[in-house]
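A.B. asks: Attaching a single structure in structure tokens format; questions to follow.
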Amino acid sequence: GKTSSIIGKVKYLTDVKGIAPHRILLISYTNKAAAELTERMATDGLKGYTFHKLAIDIIGRATGIKPSICDNTDALFIDIYHTLLGNKAFKNSVVEYFIDYQTNETDWEKRKNERQEQLSEQKNVQLKAMFPDMDGRAIYVRSEQEQKICFVLSSLGVKFRYEEPYEHQLADEMHSQYRPDFSIYFEQKGVTKRIYLEHFGVDEHSLVPAWFAKDKNITYEEANQKYDDGITWKKAAHEKFGTQLLVTSSADFHYSDIRNKLKKILEDVGVPIQEKTNEELYGLILPKGSKQEKAFIRLVATFVTLVKSSCKSVKEVLKQAKNADDERSVFIIKNIFQPVYERYISALSDSNQIDFTDAILQATEICRASHPVEYDYIIVDEFQDISVDRYNFLKVLREGNPPAKLYCVGDDWQSIYRFSGSDMALFNQFSDYFGQTEINKIETTYRFGEPLVSLSSQFIQRNEAQIKKNIHPFNPQVKTELQFCDYERRDYCNVIGQLVASIPLDKSVFLLGRYSFDDYYLSFMYKFVKEGNRFFYIIGDRKIEFLTVHKSKGLEADYVIILQCNKDTYGFPSLVSDDPVLNYVLTKSDQYPYGEERRLFYVAITRAKVKTYI
């Protein structure tokens, strides 16, 4: 009902209020939407613009030169990133980010509680090491520090096994057989030697973390005593049997420290080191052109875009991170984001181009100085995607005597352009920014029915920042189902094939992915065809369209299948787009855990008329 509201408003202004069409500015977000509005209005002299098109027109008129826009900034970012990889320090920083800083600190706090259980005696193992052991088997460790030790041992070319039983029998009625953390193997004078490495979770004062005690339901003193007894027992065993024990502790951490420490203690006891170069490490962690690398470049590009659209400078952002004592963010911004940002700015100016954000910033300055355009009414579609730079642009476009009236339409539940700077506060606290406001809610949905209406509304409104609405279907008889389907990775394509086969032939189907590469596995099994910029898979003799959720906004199908909802680098919820470093360039209104991912998921599940499969 949003588009109909806009059309009704314009007809009312022109036919009833007698406003001249050229005094009405109509803005939408995409060229397609702007063209569609213009067409549906069919009013002479009234034309829909995008923010960017309007900005470019204003610049062209004011300067006599139409600016040339770099419209493929994604390709430029990929190019800059790959060029920078030739710089050793940059490449090292990326490797260090993945080893040392990839764990999201806030997530870490939340997971501490879960991890308490992991470190208790029954030790259930969860974290997967990046590389396999000497036998090619995957290693599952108990802590992030052990995960890093695995990484360092692999990167030093050391052969090892994790928690292999000790070579001497030590089990008795009190103890099960001793399994040291790491058994390290190497050749010395033609003989295979085995030495041991134990990692103790204590700080520089030999104290355990506070949650050890809480976990075992004992006092902190008892927890330290117990852990200390364990250390003493292990050391005594090695002394008794004359086996060699190396030790690290939590105090040794941070990637560079633990790497240097391990390298030194291993060399001291004669373990041969075959250090992998950072070239090799990078190739192992982020193979060139891989989905992981694409997702990482996406993060870097997002940061740069956000810095610009939030009208801040990298220096300011870096200062904020320093003031917050946020070592991780300072590291990433300084060593990875800033070099890309600087290259990006100079690449644009070298080629005499500007990007879309520059166009808006320049047009805003022109309007501030000379007011080349004047309107009575400004109507904005998809207002939930407004960003700070566009807000400033709107403010100067309104200036006049009297100021233009503003009519905005949007749905904050579907605000999904955070990565290009959209700021929900501008929508949700509209009157704080624009003054006295009348708010009307459209609470009837014409696309889908129960139980999906209730389920999706409850889900999205858990985030207190979203505006409360009471959505109900246009027709209470309409039913829209929601179903969760689990799958094994190796069977993924078949599961999709079966779902498609179960859908009646006369019904339309969308496959939706979080990213454009979320259909990666399908391409191994099914043929695909491109028609214009639309993309289809041939599944069981049917043409099924694949879309990213962003592209699907505003569209609908009878059935929708949402791919890979498994909290990974790709799929839902995406761990990439939620990197905490972005909080410095995002607004405070959007700090709810996975806030953006939840809105995107809401858009995804509400595309279907009959049924959504997750």
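Just so we're on the same page: first chain in the structure tokens is A, next is B, and so on; residues restart at 1 for each chain, and ligands are numbered from 1 in the order they show up.
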I want to know what sits within 9 Å of Val396 in chain A, based on only C-alpha atoms, with residues of the same chain fewer than 6 positions away left out; could you give that as JSON, numbers by chain?
C.D. replies: {"A": [364, 365, 367, 368, 371]}
A.B. asks: I'd like to know which of A:Ala171, A:Gly554, A:Ser516, A:Ile614 is closest to Lys32 in chain A, using only C-alpha atoms.
C.D. replies: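 Checking each candidate against Lys32 in chain A, we get A:Gly554 as the closest.
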A.B. asks: Grab the CA of Asp44 in chain A to CA of Arg390 in chain A distance for me, in Å with one decimal place.
C.D. replies: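 CA of Arg390 in chain A lies 26.7 Å from CA of Asp44 in chain A.
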A.B. asks: Taking 3 positions as the minimum chain separation for residues in the same chain, which residues sit within 12 Å of range 176-181 of chain A when counting only C-alpha atoms? Answer as a PyMOL selection string.
C.D. replies: chain A and resi 121-122+139-143+145-147+149-150+160-173+184+194-201+230-231+233-235+237-238+243-248
A.B. asks: Find the spatial neighbours of Lys315 in chain A, counting only C-alpha atoms, within a cut-off of 12 Å - ignore same-chain residues fewer than 6 positions away - and output them as number ranges by chain.
C.D. replies: A: 307, 321-322, 330, 333-334, 337-338, 341-342, 584-585
A.B. asks: Calculated over only C-alpha atoms, which of the candidates A:Ile378, A:Thr277, A:Pro209, A:Phe77 has the smallest distance to Lys47 in chain A?
C.D. replies: A:Ile378
A.B. asks: Fewer than 4 positions away in the same chain doesn't count, so skip those; otherwise give me all residues within 9 Å of Glu382 in chain A, counting only C-alpha atoms, as a list in words.
C.D. replies: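 Here the qualifying residues turn out to be Lys2, Ile27, Ser28, Tyr29, Ile386, Cys408, Val409, Gly410, Asp411 and Ser415 of chain A.
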A.B. asks: Counting only C-alpha atoms, which residue out of A:Ile354, A:Ile59, A:Ile345, A:Leu266 sits closest to Asn72 in chain A?
C.D. replies: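 Answer, going by the shortest atom-to-atom distance: A:Ile354.
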